[in-house]
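Take a look at the structure below.
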Amino acid sequence: MSVIIKVLGLSASPRRGATEHSLAVALEELDKFNRIEYQMITLRKFNTYQCIHCDRCIREEEKYCLVNEDSELAELYEKFYQADGYLLASPVYQMNYTGQLACFFNLLRPAWNILKDDRAYFWDKVGAAIAVGGTRHGGQELTINAIHNFYHNYGITVVGGNFAYNGGTIWSRDNKKKGAAADTEGLKTIKAIADRLALALYSQQGGKEFFKEAYQKISSQVKELA
Ligand SMILES: Cc1cc2nc3c(=O)[nH]c(=O)nc-3n(C[C@H](O)[C@H](O)[C@H](O)COP(=O)(O)O)c2cc1C
């Protein structure tokens with residue numbers, strides 16, 4: 001297999017704390033695997049504003065939101081479109097992911113301009129999730145499930161399972177990096193989910209040519225169903 005597999009690691013915390021640390025640990029775990037290249041991006045550095053459903057992106061057939069013409073944000077979405085794998089990490093806010101991540105997801109509405117011509121655009125991509133809560137059972141699993149629902153919405157293959165259950169979970173005790181680093185049990189799940197992502201990406205990407213060939217056979221039915 002000669003392909004390079006690109007993983008986008010995205011932290012959805014508005015600050016430099018436990019989530020960024022946990023995501024960094026997960027991405028370092030990917031160093032074990034040849035052929036995987038990763039990039040860590042933190043949403044706090046971007047102006048992720050709310051989608052106002054103006055549909056300008058749809059009318060103008062653009063791949064990025066046109067409301068705030070922000071080239072850095074467009075670059076971020078281009079990275080999202082180009083990645084093979086995703087590791088999305090969010091703090092738990094009200095037993096869910098953060099507002100920043102909700103905004104990021106909603107600004108993906110222009111992805112429709114890709115999907116209308118290629119319904120399977122995201123189908124050979126793989127996603128995993130990490131949630132970091134201040135309390136021990138503060139909604140980490142629910143937050144991961146909510147991120148999984150986003151993946152399902154785009155047909156991105158979701159990985160979880162085995163030792164990491166549905167994803168990587170950290171109990172930070174509201175103590176930023178220090179708190180995350182002290183959760184040794186949680187860090188095991190962080191490494192486990194990164195490993196699962198790598199293995200899934202290997203099997204998915206190794207079989208990409210087969211995937212495309214198989215998809216050709218069903219693409220007309222897929223378009224009829226939509
Ligand atoms: C608005 C808000 C809501 C929160 N809600 C929860 C919650 O429902 N469950 C929980 O365990 N922790 C909750 N927390 C605590 C954070 O999840 C926790 O401190 C986390 O480690 C923050 O990650 P960070 O250090 O990367 O920013 C909340 C924090 C804030 C600011």
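Each chain in the structure tokens gets a letter, A, B and so on, in the order shown; residues start at 1 in every chain, and ligands are counted from 1 in the order they appear.
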Using only C-alpha atoms and all ligand atoms, which residues of chain A come within 7 Å of ligand 1, and what is the closest atom pair for each, with the distance in Å to one decimal? Give it as CSV, sorted by chain and residue number.
residue,atom,partner,partner_atom_place_in_ligand_line,distance
A:Ser13,CA,ligand 1,27 (O),4.9
A:Pro14,CA,ligand 1,27 (O),6.3
A:Arg15,CA,ligand 1,27 (O),5.2
A:Arg16,CA,ligand 1,26 (O),6.1
A:Gly17,CA,ligand 1,25 (O),3.6
A:Ala18,CA,ligand 1,25 (O),3.8
A:Thr19,CA,ligand 1,26 (O),3.5
A:Glu20,CA,ligand 1,26 (O),5.8
A:Pro91,CA,ligand 1,23 (O),4.4
A:Val92,CA,ligand 1,17 (O),3.9
A:Tyr93,CA,ligand 1,5 (N),3.4
A:Gln94,CA,ligand 1,8 (O),3.4
A:Met95,CA,ligand 1,8 (O),3.8
A:Asn96,CA,ligand 1,8 (O),6.7
A:Val132,CA,ligand 1,21 (O),5.1
A:Gly133,CA,ligand 1,11 (O),3.6
A:Gly134,CA,ligand 1,18 (C),3.7
A:Thr135,CA,ligand 1,11 (O),3.9
A:Arg136,CA,ligand 1,11 (O),6.4
A:His137,CA,ligand 1,11 (O),6.3
A:Gly138,CA,ligand 1,11 (O),3.2
A:Gly139,CA,ligand 1,9 (N),5.5
A:Gln140,CA,ligand 1,11 (O),7.0
A:Trp171,CA,ligand 1,21 (O),6.9
A:Ser172,CA,ligand 1,21 (O),4.7
A:Arg173,CA,ligand 1,19 (O),6.6
A:Asp174,CA,ligand 1,19 (O),3.7
A:Asn175,CA,ligand 1,19 (O),6.6
A:Lys176,CA,ligand 1,25 (O),4.0
A:Lys177,CA,ligand 1,25 (O),6.6
Write out as a PyMOL selection string the residues lying within 8 Å of region 45-58 of chain A, counting only C-alpha atoms and excluding same-chain residues fewer than 3 positions away. chain A and resi 42+61-67+72-73+100+103-104+106-107+109-110+112-113
Quick one, how far is CA of Asn162 (chain A) from CA of Gly127 (chain A)? 15.6 Å
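Comparing the minimum interatomic distances between Ser203 (chain A) and each of A:Ala128, A:Glu185, A:Ile5, A:Asp70, counting only C-alpha atoms, we find that A:Ile5 sits nearest.
We find CA of Asn153 (chain A) and CA of Ala12 (chain A) to be spaced 18.9 Å apart.
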Compile the contact shell of Leu101 (chain A) as JSON, numbers by chain: residues with an atom at most 8 Å away, counting only C-alpha atoms, same-chain residues fewer than 4 positions apart removed. {"A": [12, 43, 90, 97, 105]}
What gap, in Å, lies between CA of Glu29 (chain A) and CA of Leu10 (chain A)? 15.3 Å
Go through region 11-209 of chain A and collect every residue that DSSP, computed from the backbone, puts in alpha helix (DSSP H); the answer should be as a PyMOL selection string. chain A and resi 18-29+56-59+71-82+99-106+112-115+140-154+176-182+184-206+208-209
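Each of A:Ala181, A:Ala111, A:Ala74, A:Ala83 was compared to Leu23 (chain A) using only C-alpha atoms, and A:Ala181 turns out to be the nearest.
Considering only C-alpha atoms, the residue among A:Thr98, A:Gln39, A:Asn145, A:Thr169 positioned nearest to Phe80 (chain A) is A:Gln39.
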